[in-house]
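**Student:** Please find entry_4.cif (mmCIF, C-alpha atoms and all ligand atoms) on the next line:
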```
data_protein
loop_
_atom_site.label_atom_id
_atom_site.label_comp_id
_atom_site.auth_asym_id
_atom_site.auth_seq_id
_atom_site.Cartn_x
_atom_site.Cartn_y
_atom_site.Cartn_z
CA MET F 1 -37.93 -6.02 -62.98
CA SER F 2 -35.01 -5.15 -60.80
CA LEU F 3 -33.58 -1.88 -59.54
CA LEU F 4 -29.99 -0.83 -59.17
CA TYR F 5 -29.62 0.10 -55.53
CA THR F 6 -27.93 -1.39 -52.50
CA VAL F 7 -30.18 -3.47 -50.29
CA PRO F 8 -29.49 -2.81 -46.58
CA ASN F 9 -28.73 -6.04 -44.69
CA ASN F 10 -31.64 -5.70 -42.29
CA LEU F 11 -34.25 -5.65 -45.07
CA THR F 12 -35.40 -9.11 -45.99
CA SER F 13 -37.75 -8.78 -48.91
CA LEU F 14 -38.27 -6.85 -52.12
CA ILE F 15 -41.50 -5.48 -50.63
CA ASP F 16 -39.50 -4.00 -47.69
CA VAL F 17 -37.19 -2.35 -50.16
CA ILE F 18 -40.09 -0.95 -52.17
CA LYS F 19 -41.72 0.44 -49.02
CA MET F 20 -38.42 2.08 -48.11
CA ILE F 21 -38.12 3.66 -51.55
CA ASN F 22 -41.75 4.79 -51.60
CA GLN F 23 -41.01 6.86 -48.53
CA LYS F 24 -38.42 8.68 -50.62
CA SER F 25 -40.58 9.21 -53.70
CA GLU F 26 -40.48 12.96 -53.21
CA ASN F 27 -36.72 12.82 -53.84
CA LEU F 28 -36.99 11.65 -57.44
CA PRO F 29 -34.45 13.13 -59.88
CA GLU F 30 -35.69 16.10 -61.94
CA PRO F 31 -36.18 15.32 -65.63
CA ASP F 32 -34.00 17.35 -68.01
CA PRO F 33 -35.63 20.12 -70.15
CA GLU F 34 -35.98 17.85 -73.20
CA ALA F 35 -37.72 15.12 -71.18
CA SER F 36 -39.97 17.71 -69.50
CA ALA F 37 -40.99 19.10 -72.91
CA HIS F 38 -41.76 15.57 -74.10
CA SER F 39 -43.89 14.87 -71.03
CA LYS F 40 -45.75 18.18 -71.57
CA LYS F 41 -46.68 17.12 -75.11
CA LEU F 42 -48.09 13.83 -73.84
CA CYS F 43 -49.95 15.65 -71.02
CA ASN F 44 -51.54 17.99 -73.59
CA TYR F 45 -52.78 14.96 -75.49
CA ILE F 46 -54.13 13.30 -72.32
CA ASN F 47 -55.73 16.61 -71.24
CA GLN F 48 -57.72 16.69 -74.50
CA LYS F 49 -58.97 13.17 -73.78
CA ILE F 50 -59.96 14.22 -70.24
CA ALA F 51 -61.73 17.31 -71.59
CA SER F 52 -63.69 15.33 -74.17
CA ALA F 53 -64.66 12.79 -71.50
CA LYS F 54 -66.16 15.69 -69.48
CA SER F 55 -63.47 16.06 -66.78
CA ALA F 56 -62.14 12.56 -65.98
CA ILE F 57 -61.03 9.27 -67.56
CA PRO F 58 -60.78 5.82 -65.91
CA PHE F 59 -57.28 5.12 -64.56
CA ALA F 60 -56.88 2.20 -67.01
CA GLU F 61 -57.29 4.63 -69.92
CA PHE F 62 -54.81 7.05 -68.31
CA MET F 63 -52.27 4.21 -67.92
CA GLU F 64 -52.80 3.11 -71.54
CA LEU F 65 -52.23 6.68 -72.77
CA ALA F 66 -49.20 7.26 -70.49
CA LEU F 67 -47.49 4.06 -71.66
CA TYR F 68 -48.66 3.48 -75.22
CA THR F 69 -49.78 6.72 -76.97
CA PRO F 70 -48.03 6.34 -80.37
CA GLY F 71 -44.85 8.46 -80.52
CA LEU F 72 -45.39 9.90 -77.02
CA GLY F 73 -46.13 7.15 -74.45
CA TYR F 74 -43.44 5.73 -72.17
CA TYR F 75 -43.04 2.54 -74.22
CA SER F 76 -43.76 4.17 -77.60
CA ALA F 77 -41.26 7.04 -77.54
CA GLY F 78 -37.50 7.39 -77.80
CA ALA F 79 -35.99 7.32 -74.29
CA HIS F 80 -33.87 4.42 -73.08
CA LYS F 81 -36.07 2.36 -70.75
CA ILE F 82 -34.65 -1.06 -69.98
CA GLY F 83 -31.13 -1.68 -68.67
CA ARG F 84 -28.56 0.16 -66.60
CA ALA F 85 -28.99 3.42 -68.55
CA GLY F 86 -32.79 3.23 -68.30
CA ASP F 87 -35.37 2.95 -65.52
CA PHE F 88 -35.29 -0.74 -64.59
CA ILE F 89 -33.58 -4.03 -65.41
CA THR F 90 -35.36 -7.22 -66.45
CA ALA F 91 -34.11 -10.79 -66.09
CA PRO F 92 -32.83 -11.20 -69.69
CA GLU F 93 -30.76 -8.03 -69.24
CA LEU F 94 -29.16 -9.34 -66.04
CA SER F 95 -27.66 -12.50 -67.49
CA PRO F 96 -27.95 -14.48 -70.75
CA LEU F 97 -28.30 -17.60 -68.58
CA PHE F 98 -31.95 -16.66 -67.99
CA SER F 99 -32.58 -16.88 -71.76
CA TYR F 100 -30.43 -20.02 -72.11
CA CYS F 101 -32.70 -21.74 -69.55
CA LEU F 102 -35.77 -20.69 -71.54
CA ALA F 103 -34.00 -22.02 -74.65
CA ASN F 104 -33.50 -25.38 -72.89
CA GLN F 105 -37.26 -25.48 -72.26
CA CYS F 106 -37.93 -24.65 -75.93
CA ALA F 107 -35.47 -27.36 -76.98
CA GLN F 108 -37.55 -29.95 -75.15
CA ILE F 109 -40.74 -28.86 -76.96
CA LEU F 110 -39.61 -27.98 -80.51
CA PRO F 111 -38.65 -31.52 -81.69
CA ASN F 112 -42.16 -32.73 -80.74
CA LEU F 113 -43.81 -30.27 -83.13
CA ILE F 114 -43.92 -30.30 -86.91
CA ASN F 115 -42.57 -26.94 -88.06
CA GLY F 116 -42.64 -25.44 -84.54
CA ASN F 117 -41.43 -21.85 -84.11
CA ILE F 118 -41.07 -19.29 -81.30
CA LEU F 119 -43.17 -16.15 -80.87
CA GLU F 120 -42.05 -13.57 -78.30
CA LEU F 121 -44.48 -10.88 -77.13
CA GLY F 122 -43.06 -7.52 -75.99
CA ALA F 123 -39.37 -8.23 -76.63
CA GLY F 124 -37.86 -5.17 -74.86
CA SER F 125 -34.29 -4.62 -76.05
CA GLY F 126 -34.25 -7.83 -78.15
CA LYS F 127 -31.62 -9.40 -75.89
CA MET F 128 -33.76 -12.38 -74.87
CA ALA F 129 -34.48 -13.18 -78.54
CA GLY F 130 -30.77 -13.05 -79.46
CA ASP F 131 -29.67 -15.11 -76.46
CA ILE F 132 -32.38 -17.77 -76.89
CA LEU F 133 -31.46 -18.22 -80.55
CA SER F 134 -27.75 -18.32 -79.78
CA HIS F 135 -28.25 -21.13 -77.22
CA LEU F 136 -30.60 -23.05 -79.52
CA GLU F 137 -27.98 -22.78 -82.27
CA LYS F 138 -25.32 -24.14 -79.89
CA ILE F 139 -27.46 -27.17 -79.00
CA ASN F 140 -28.55 -27.68 -82.61
CA CYS F 141 -32.21 -26.96 -82.14
CA LEU F 142 -32.84 -23.74 -84.08
CA PRO F 143 -36.45 -23.13 -85.18
CA ASN F 144 -37.12 -21.85 -88.70
CA HIS F 145 -38.42 -18.57 -87.37
CA TYR F 146 -38.43 -16.47 -84.22
CA TYR F 147 -41.37 -14.07 -84.40
CA ILE F 148 -41.60 -10.91 -82.31
CA LEU F 149 -44.84 -9.02 -81.70
CA GLU F 150 -43.92 -5.62 -80.29
CA ILE F 151 -46.55 -2.89 -79.94
CA SER F 152 -43.96 -0.13 -79.44
CA ALA F 153 -42.44 1.21 -82.69
CA ASP F 154 -39.48 2.59 -80.71
CA LEU F 155 -38.69 -0.75 -79.03
CA LYS F 156 -39.06 -2.56 -82.36
CA ALA F 157 -36.41 -0.24 -83.88
CA ARG F 158 -34.14 -0.83 -80.85
CA GLN F 159 -34.60 -4.62 -81.16
CA GLN F 160 -33.70 -4.53 -84.86
CA ALA F 161 -30.60 -2.40 -84.21
CA PHE F 162 -29.50 -4.69 -81.36
CA ILE F 163 -29.88 -7.91 -83.39
CA LYS F 164 -28.09 -6.33 -86.36
CA GLN F 165 -25.14 -5.38 -84.15
CA ALA F 166 -24.94 -8.40 -81.77
CA TYR F 167 -26.41 -11.30 -83.78
CA PRO F 168 -26.41 -10.26 -87.48
CA HIS F 169 -26.72 -13.87 -88.67
CA PHE F 170 -30.13 -14.15 -86.92
CA LEU F 171 -31.61 -11.13 -88.75
CA SER F 172 -33.15 -13.34 -91.46
CA LYS F 173 -34.59 -15.70 -88.83
CA ILE F 174 -36.38 -13.05 -86.78
CA ILE F 175 -39.65 -11.75 -88.18
CA TRP F 176 -41.38 -8.75 -86.58
CA LEU F 177 -45.18 -8.93 -86.63
CA ASP F 178 -47.83 -6.24 -86.16
CA THR F 179 -50.60 -8.62 -85.13
CA LEU F 180 -50.84 -12.11 -83.68
CA PRO F 181 -50.41 -14.79 -86.38
CA ASN F 182 -53.07 -17.40 -87.21
CA ASN F 183 -52.55 -21.14 -86.72
CA PHE F 184 -49.26 -20.67 -84.84
CA ILE F 185 -47.44 -23.88 -83.92
CA GLY F 186 -44.70 -23.59 -81.30
CA ILE F 187 -43.89 -21.70 -78.12
CA ILE F 188 -45.24 -18.26 -77.18
CA LEU F 189 -43.05 -16.40 -74.65
CA ALA F 190 -43.80 -13.21 -72.71
CA ASN F 191 -41.43 -11.91 -70.04
CA GLU F 192 -42.85 -9.01 -67.99
CA VAL F 193 -45.58 -8.19 -70.49
CA LEU F 194 -48.57 -8.85 -68.21
CA ASP F 195 -47.32 -6.39 -65.59
CA ALA F 196 -47.23 -3.63 -68.22
CA MET F 197 -50.92 -4.00 -69.17
CA PRO F 198 -53.29 -1.20 -68.10
CA VAL F 199 -55.25 -1.99 -64.92
CA THR F 200 -58.45 -0.70 -63.35
CA ILE F 201 -58.12 0.51 -59.75
CA PHE F 202 -61.04 -0.07 -57.39
CA ASN F 203 -61.93 1.22 -53.95
CA TRP F 204 -64.04 -0.74 -51.46
CA GLN F 205 -65.42 0.83 -48.31
CA GLU F 206 -68.75 0.93 -46.49
CA ASN F 207 -70.07 -1.82 -48.74
CA THR F 208 -69.59 0.37 -51.81
CA LEU F 209 -67.46 -0.38 -54.84
CA ALA F 210 -66.00 2.63 -56.65
CA GLU F 211 -63.50 3.09 -59.47
CA TYR F 212 -60.56 5.49 -59.60
CA TYR F 213 -60.61 8.05 -62.41
CA VAL F 214 -58.02 10.69 -63.28
CA GLY F 215 -59.00 14.35 -63.58
CA ILE F 216 -57.19 17.72 -63.41
CA ASP F 217 -57.17 19.96 -60.30
CA GLN F 218 -57.12 23.79 -60.06
CA ASN F 219 -53.30 23.79 -60.15
CA ASN F 220 -53.36 21.88 -63.44
CA HIS F 221 -52.06 18.67 -61.82
CA TYR F 222 -53.54 15.24 -62.36
CA THR F 223 -55.71 14.15 -59.47
CA TRP F 224 -57.63 11.04 -58.35
CA LEU F 225 -61.43 10.99 -58.46
CA LEU F 226 -63.74 8.23 -57.25
CA LYS F 227 -66.70 7.39 -59.50
CA PRO F 228 -69.24 4.56 -59.59
CA ALA F 229 -67.73 1.26 -60.77
CA SER F 230 -68.34 0.27 -64.40
CA ASN F 231 -70.39 -2.88 -65.10
CA ALA F 232 -67.22 -4.71 -66.16
CA LEU F 233 -65.52 -3.83 -62.84
CA GLN F 234 -68.61 -4.85 -60.85
CA ASP F 235 -68.69 -8.26 -62.60
CA ALA F 236 -64.96 -8.85 -62.04
CA PHE F 237 -65.21 -7.77 -58.40
CA LYS F 238 -68.09 -10.21 -57.86
CA GLU F 239 -65.80 -13.02 -59.06
CA ILE F 240 -63.26 -11.99 -56.40
CA THR F 241 -65.87 -11.90 -53.63
CA ASN F 242 -66.95 -15.44 -54.59
CA GLU F 243 -63.43 -16.63 -53.63
CA ILE F 244 -62.30 -14.23 -50.90
CA ASN F 245 -63.74 -13.17 -47.57
CA ILE F 246 -63.64 -9.42 -48.09
CA ASN F 247 -64.96 -8.82 -44.56
CA SER F 248 -61.38 -9.33 -43.36
CA TRP F 249 -60.03 -6.53 -45.60
CA PHE F 250 -58.45 -3.48 -43.96
CA LEU F 251 -60.62 -0.56 -45.13
CA PRO F 252 -60.57 1.49 -47.24
CA TYR F 253 -59.31 -1.22 -49.60
CA ASN F 254 -57.70 -0.15 -52.89
CA SER F 255 -56.39 -2.61 -55.44
CA GLU F 256 -56.23 -3.38 -59.15
CA ILE F 257 -57.98 -5.68 -61.59
CA ASN F 258 -56.72 -6.34 -65.11
CA LEU F 259 -59.95 -6.27 -67.12
CA LEU F 260 -58.02 -6.87 -70.37
CA LEU F 261 -56.89 -10.36 -69.32
CA PRO F 262 -59.85 -12.41 -70.67
CA GLY F 263 -59.63 -10.82 -74.14
CA TRP F 264 -55.82 -11.12 -74.26
CA LEU F 265 -55.79 -14.80 -73.30
CA SER F 266 -58.63 -15.56 -75.66
CA SER F 267 -56.70 -13.97 -78.54
CA LEU F 268 -53.59 -16.01 -77.63
CA ASN F 269 -55.65 -19.19 -77.54
CA HIS F 270 -57.09 -18.26 -80.92
CA CYS F 271 -53.61 -17.71 -82.38
CA LEU F 272 -52.09 -20.93 -80.97
CA GLU F 273 -52.95 -24.04 -82.96
CA GLN F 274 -50.54 -26.31 -81.12
CA GLY F 275 -47.86 -25.73 -78.51
CA ILE F 276 -47.04 -23.94 -75.27
CA LEU F 277 -47.56 -20.48 -73.80
CA LEU F 278 -45.00 -19.44 -71.14
CA LEU F 279 -45.60 -16.26 -69.12
CA ILE F 280 -42.98 -14.93 -66.73
CA ASP F 281 -43.82 -12.12 -64.34
CA TYR F 282 -44.03 -10.96 -60.74
CA GLY F 283 -47.19 -11.61 -58.81
CA PHE F 284 -49.17 -13.99 -56.64
CA PRO F 285 -52.25 -16.20 -56.54
CA LEU F 286 -55.62 -14.54 -55.76
CA HIS F 287 -55.51 -15.01 -51.97
CA GLU F 288 -52.13 -13.35 -51.66
CA TYR F 289 -52.95 -10.64 -54.22
CA TYR F 290 -56.07 -9.54 -52.34
CA HIS F 291 -54.53 -10.15 -48.91
CA PRO F 292 -56.50 -8.31 -46.18
CA GLN F 293 -53.54 -6.08 -45.36
CA ARG F 294 -52.54 -5.28 -48.98
CA ASN F 295 -55.02 -2.41 -49.04
CA GLN F 296 -52.87 -0.11 -51.19
CA GLY F 297 -52.72 -2.57 -54.10
CA THR F 298 -49.55 -3.36 -56.03
CA LEU F 299 -49.24 -0.48 -58.50
CA MET F 300 -45.64 0.72 -58.87
CA CYS F 301 -43.72 3.21 -60.99
CA HIS F 302 -40.06 3.03 -62.04
CA TYR F 303 -38.01 6.09 -62.88
CA GLN F 304 -34.23 6.01 -63.20
CA HIS F 305 -33.93 2.92 -60.97
CA ARG F 306 -36.16 4.31 -58.25
CA ALA F 307 -39.53 2.79 -57.38
CA HIS F 308 -42.46 4.79 -56.04
CA SER F 309 -46.25 4.64 -56.13
CA ASN F 310 -47.46 7.83 -57.88
CA PRO F 311 -48.45 7.21 -61.54
CA LEU F 312 -49.82 10.75 -61.95
CA ILE F 313 -46.38 12.39 -62.13
CA LEU F 314 -43.52 12.09 -64.68
CA VAL F 315 -46.14 11.19 -67.28
CA GLY F 316 -44.53 9.41 -70.23
CA LEU F 317 -41.15 9.37 -68.48
CA GLN F 318 -41.72 6.55 -66.02
CA ASP F 319 -42.91 2.96 -66.22
CA ILE F 320 -46.22 2.06 -64.52
CA THR F 321 -46.75 -1.57 -63.55
CA SER F 322 -48.81 -3.79 -61.30
CA HIS F 323 -48.29 -7.31 -60.02
CA VAL F 324 -50.03 -10.20 -61.77
CA ASN F 325 -52.95 -12.16 -60.31
CA PHE F 326 -51.92 -15.65 -61.51
CA THR F 327 -55.21 -17.22 -60.40
CA ALA F 328 -57.08 -14.89 -62.77
CA VAL F 329 -54.56 -15.62 -65.54
CA THR F 330 -55.20 -19.36 -65.06
CA GLN F 331 -59.00 -19.04 -64.92
CA PHE F 332 -59.19 -16.97 -68.10
CA ALA F 333 -56.61 -19.12 -69.92
CA ILE F 334 -58.61 -22.28 -69.12
CA GLN F 335 -61.89 -20.56 -70.07
CA ALA F 336 -60.26 -19.58 -73.38
CA GLY F 337 -59.36 -23.21 -74.14
CA LEU F 338 -55.77 -23.64 -72.84
CA GLY F 339 -54.61 -26.27 -70.33
CA LEU F 340 -52.48 -25.43 -67.26
CA GLU F 341 -49.04 -27.13 -67.45
CA GLY F 342 -47.43 -25.72 -64.31
CA TYR F 343 -46.69 -22.75 -62.07
CA VAL F 344 -43.30 -22.40 -60.38
CA SER F 345 -41.11 -19.69 -58.92
CA GLN F 346 -38.58 -18.20 -61.33
CA ALA F 347 -35.73 -19.70 -59.29
CA ASN F 348 -37.18 -23.22 -59.57
CA PHE F 349 -37.91 -22.82 -63.28
CA LEU F 350 -34.27 -21.86 -63.83
CA PHE F 351 -32.99 -24.77 -61.71
CA ASN F 352 -35.37 -27.19 -63.47
CA THR F 353 -34.15 -26.07 -66.89
CA GLY F 354 -30.45 -26.52 -66.16
CA LEU F 355 -29.16 -23.30 -64.58
CA LEU F 356 -26.57 -25.13 -62.45
CA GLU F 357 -25.11 -26.98 -65.46
CA LEU F 358 -25.04 -23.73 -67.46
CA ILE F 359 -23.17 -21.96 -64.65
CA LYS F 360 -20.45 -24.65 -64.81
CA THR F 361 -19.85 -24.22 -68.54
CA TYR F 362 -20.48 -20.52 -68.98
CA GLN F 363 -17.40 -18.34 -69.47
CA GLU F 364 -17.88 -14.90 -67.93
CA PRO F 365 -14.99 -12.41 -67.91
CA ASP F 366 -16.49 -10.35 -65.06
CA SER F 367 -17.18 -12.98 -62.41
CA LEU F 368 -18.36 -10.45 -59.80
CA ASN F 369 -21.18 -9.24 -62.05
CA PHE F 370 -21.91 -12.81 -63.09
CA ASN F 371 -22.32 -14.00 -59.50
CA SER F 372 -24.46 -11.06 -58.49
CA ALA F 373 -26.76 -11.53 -61.55
CA ILE F 374 -27.31 -15.20 -60.68
CA LYS F 375 -28.12 -14.20 -57.10
CA ILE F 376 -30.65 -11.57 -58.23
CA LEU F 377 -32.32 -14.06 -60.58
CA THR F 378 -32.68 -16.80 -57.97
CA LEU F 379 -32.56 -15.54 -54.36
CA PRO F 380 -35.98 -15.53 -52.62
CA SER F 381 -35.33 -11.98 -51.41
CA GLU F 382 -34.65 -10.81 -54.99
CA MET F 383 -36.45 -12.05 -58.14
CA GLY F 384 -36.33 -15.78 -57.27
CA GLU F 385 -39.65 -16.12 -55.46
CA LEU F 386 -41.76 -13.06 -56.34
CA PHE F 387 -41.34 -13.84 -60.04
CA LYS F 388 -43.21 -16.87 -61.36
CA VAL F 389 -43.32 -18.86 -64.56
CA ILE F 390 -46.70 -20.21 -65.62
CA GLY F 391 -47.20 -22.56 -68.58
CA PHE F 392 -50.27 -23.41 -70.67
CA SER F 393 -50.67 -25.90 -73.50
CA LYS F 394 -52.85 -26.51 -76.50
CA ASN F 395 -52.95 -29.81 -78.36
CA TYR F 396 -49.65 -30.70 -76.69
CA LYS F 397 -49.02 -33.33 -74.04
CA ALA F 398 -45.69 -33.96 -72.27
CA LEU F 399 -44.40 -32.98 -68.84
CA LEU F 400 -42.37 -29.79 -69.29
CA ILE F 401 -38.93 -29.83 -67.65
CA GLY F 402 -39.45 -26.30 -66.28
CA PHE F 403 -42.29 -27.51 -64.04
CA SER F 404 -40.82 -30.89 -63.11
CA ASN F 405 -39.99 -29.84 -59.51
CA GLN F 406 -41.73 -27.61 -56.95
CA ASP F 407 -44.88 -27.02 -59.01
CA LEU F 408 -47.14 -24.61 -57.09
CA SER F 409 -50.29 -25.06 -59.24
CA HIS F 410 -52.24 -26.15 -56.16
CA ARG F 411 -51.89 -22.62 -54.75
CA LEU F 412 -53.69 -20.98 -57.69
C1 LIG C 501 -41.55 -4.36 -68.96
S1 LIG C 501 -41.27 -4.44 -70.67
C2 LIG C 501 -40.51 -6.04 -70.79
C3 LIG C 501 -39.64 -6.17 -72.00
C4 LIG C 501 -38.92 -7.50 -72.20
N1 LIG C 501 -39.83 -8.60 -72.33
C5 LIG C 501 -37.92 -7.75 -71.10
O1 LIG C 501 -38.12 -8.68 -70.31
O2 LIG C 501 -36.92 -7.04 -71.01
C6 LIG C 501 -42.91 -4.69 -71.32
C7 LIG C 501 -42.95 -4.96 -72.81
O3 LIG C 501 -44.27 -5.43 -73.16
C8 LIG C 501 -44.69 -4.77 -74.36
N2 LIG C 501 -46.16 -4.91 -74.40
C9 LIG C 501 -47.07 -4.40 -73.57
N3 LIG C 501 -48.32 -4.82 -73.89
C10 LIG C 501 -48.17 -5.66 -74.94
C11 LIG C 501 -49.07 -6.45 -75.72
N4 LIG C 501 -50.39 -6.41 -75.50
N5 LIG C 501 -48.56 -7.21 -76.71
C12 LIG C 501 -47.23 -7.23 -76.95
N6 LIG C 501 -46.33 -6.51 -76.25
C13 LIG C 501 -46.79 -5.73 -75.27
C14 LIG C 501 -44.09 -3.38 -74.19
O4 LIG C 501 -44.08 -2.64 -75.36
C15 LIG C 501 -42.69 -3.78 -73.70
O5 LIG C 501 -41.86 -4.20 -74.76
#
```
Rewrite the structure from the file as structure tokens, please.
Ligand SMILES: C[S@@+](CC[C@H](N)C(=O)[O-])C[C@H]1O[C@@H](n2cnc3c(N)ncnc32)[C@H](O)[C@@H]1O
**Tutor:**
Amino acid sequence: MSLLYTVPNNLTSLIDVIKMINQKSENLPEPDPEASAHSKKLCNYINQKIASAKSAIPFAEFMELALYTPGLGYYSAGAHKIGRAGDFITAPELSPLFSYCLANQCAQILPNLINGNILELGAGSGKMAGDILSHLEKINCLPNHYYILEISADLKARQQAFIKQAYPHFLSKIIWLDTLPNNFIGIILANEVLDAMPVTIFNWQENTLAEYYVGIDQNNHYTWLLKPASNALQDAFKEITNEININSWFLPYNSEINLLLPGWLSSLNHCLEQGILLLIDYGFPLHEYYHPQRNQGTLMCHYQHRAHSNPLILVGLQDITSHVNFTAVTQFAIQAGLGLEGYVSQANFLFNTGLLELIKTYQEPDSLNFNSAIKILTLPSEMGELFKVIGFSKNYKALLIGFSNQDLSHRL
């Protein structure tokens, strides 16, 4: 996820930029009357849930409702989200070369599978699907089908309209699914899906673990409440304390845990009969995620290309995300039955899968935009290092080109 703002020269990392923008979160643009009315409808729905839960719901439930309530949630309703006219930009929107590199990785795998296909989870605007297929067509390696599983009805309609307009000849190849298929053979891709999954927020101080809930204050605003941690949170927290010395944490320590990960990875393992799962997202291994000084967690919101840290405002109008704990992803994937194939920075995955060769042959009319997109995708201070690609396999053995150099699996 990238934002459209100018980075001052003296700031060296994305985190610096985010801190700078957080300080300005009170200066967010006002939503227009139509957007405000939409948000009010969603708030009324969430308020009913809070009332029937006797005054508060866990933050994970609030995040789920804010993003995915059918017809009302941020991802499920009609506003433009991804791209220059939306709230944030993702790698496939920056340059088709990102998708061409993924296509090169798919082209290495597909000929080794009998009737191998591609399944993309959470396909956003549909651009990555179109660009991957267009590159696979160019190098003569088209699969029979490209499946898309999209939980947002609005995004599914946008994807269909985009493919119809930009790649009409792929319409018969792309099949939209409502649930994961059985016995899938091929490659499962998910770009920035993990970061959009609801997370539980915990608080650790004075040797007590608590969980953040969302309630409503006297002024009818959403407010944070601390309640005893659920059993599931306590179990997951215990796993963290087995690996990390929490005595070095700066207190009070607030952070997130994705309690949906084990179930999600188990369902992907169940669906995949043979092939590869590739997940692309921003995040770190466990020790960096729960770094002693990262005591405000990683939760972020995106609204009209501004980042800030308050998920209780602009409900339904802003994206809410958190970074990914890639150690947890690996542990649960392996527990589910998948094998780790590699873990590299986005920049290295793109270099390993032929970015430099693609740059030489790619014709881009607007070379200024082209150069700046390549920089954003690969520079360590932009998406190059914070974003990672992690690969898992099932009943498939062969070194994947994407992980052939600079594999960081030992850090997980
Ligand atoms: C940040 S957007 C990324 C979109 C797109 N992959 C891109 O890179 O532009 C997150 C996407 O994940 C989808 N999503 C979230 N949870 C999902 C799940 N459990 N299964 C499938 N898609 C999901 C959302 O609806 C949305 O399309």
**Student:** Give me the residues within 6 Å of F:His302 as a count of residues only, counting all atoms listed in the file and dropping any in the same chain fewer than 6 places off.
**Tutor:** 3
**Student:** Counting all atoms listed in the file, name the residues that have an atom within 6 Å of an atom of ligand LIG 501 (chain C); the answer should be given as a list in words.
**Tutor:**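 Counting only what the definition allows, namely all atoms listed in the file, the set is Tyr75, Thr90, Pro92, Leu121, Gly122, Ala123, Gly124, Leu149, Glu150, Ile151, Ser152, Asn191, Glu192, Val193, Ala196 and Met197 of chain F.
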**Student:** Output C-alpha atoms for every residue in the selection just made, as a compact mmCIF listing (two decimals), in the coordinates of the input.
**Tutor:**
```txt
# COMPACT_ATOMS: atom_id res chain seq x y z
CA TYR F 75 -43.04 2.54 -74.22
CA THR F 90 -35.36 -7.22 -66.45
CA PRO F 92 -32.83 -11.20 -69.69
CA LEU F 121 -44.48 -10.88 -77.13
CA GLY F 122 -43.06 -7.52 -75.99
CA ALA F 123 -39.37 -8.23 -76.63
CA GLY F 124 -37.86 -5.17 -74.86
CA LEU F 149 -44.84 -9.02 -81.70
CA GLU F 150 -43.92 -5.62 -80.29
CA ILE F 151 -46.55 -2.89 -79.94
CA SER F 152 -43.96 -0.13 -79.44
CA ASN F 191 -41.43 -11.91 -70.04
CA GLU F 192 -42.85 -9.01 -67.99
CA VAL F 193 -45.58 -8.19 -70.49
CA ALA F 196 -47.23 -3.63 -68.22
CA MET F 197 -50.92 -4.00 -69.17
```
**Student:** May I ask for the distance between atom CA of F:Ala56 and atom CA of F:Val214, given in Å to one decimal place?
**Tutor:**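 Spanning atom CA of F:Ala56 to atom CA of F:Val214 is a straight-line distance of 5.3 Å.
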**Student:** Closest to F:Leu356 among F:Leu194, F:Cys101, F:Ile82, F:Ala66, using all atoms listed in the file?
**Tutor:**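 Looking only at the distances to F:Leu356, the closest residue turns out to be F:Cys101.
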**Student:** With distances taken over only C-alpha atoms, which residue among F:His270, F:Lys164, F:Lys238, F:His145 lies nearest F:Lys394?
**Tutor:**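 Of F:His270, F:Lys164, F:Lys238, F:His145, the one nearest F:Lys394, counting only C-alpha atoms, is F:His270.
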**Student:** Tell me, in Å to one decimal, how far atom CA of F:Ser381 is from atom CA of F:Phe351.
**Tutor:**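 That distance, rounded to one decimal, is 16.6 Å.
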**Student:** Could you check the closest approach to F:Ser36 for each of F:Ala157, F:Ile313, F:Ala51, F:Ala373 and tell me which residue wins, using only C-alpha atoms?
**Tutor:**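 The shortest atom-to-atom distance to F:Ser36 comes from F:Ile313.
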**Student:** Could you tell me which of F:Ala77, F:Ile280, F:Ile244, F:Leu386 comes closest to F:Leu155 if we count all atoms listed in the file?
**Tutor:**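 Among F:Ala77, F:Ile280, F:Ile244, F:Leu386, it is F:Ala77 that comes nearest to F:Leu155.
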**Student:** Find the residue from F:Asn348, F:Asn182, F:Gln304, F:Asn242 that sits nearest to F:Met383; use only C-alpha atoms when measuring.
**Tutor:** F:Asn348
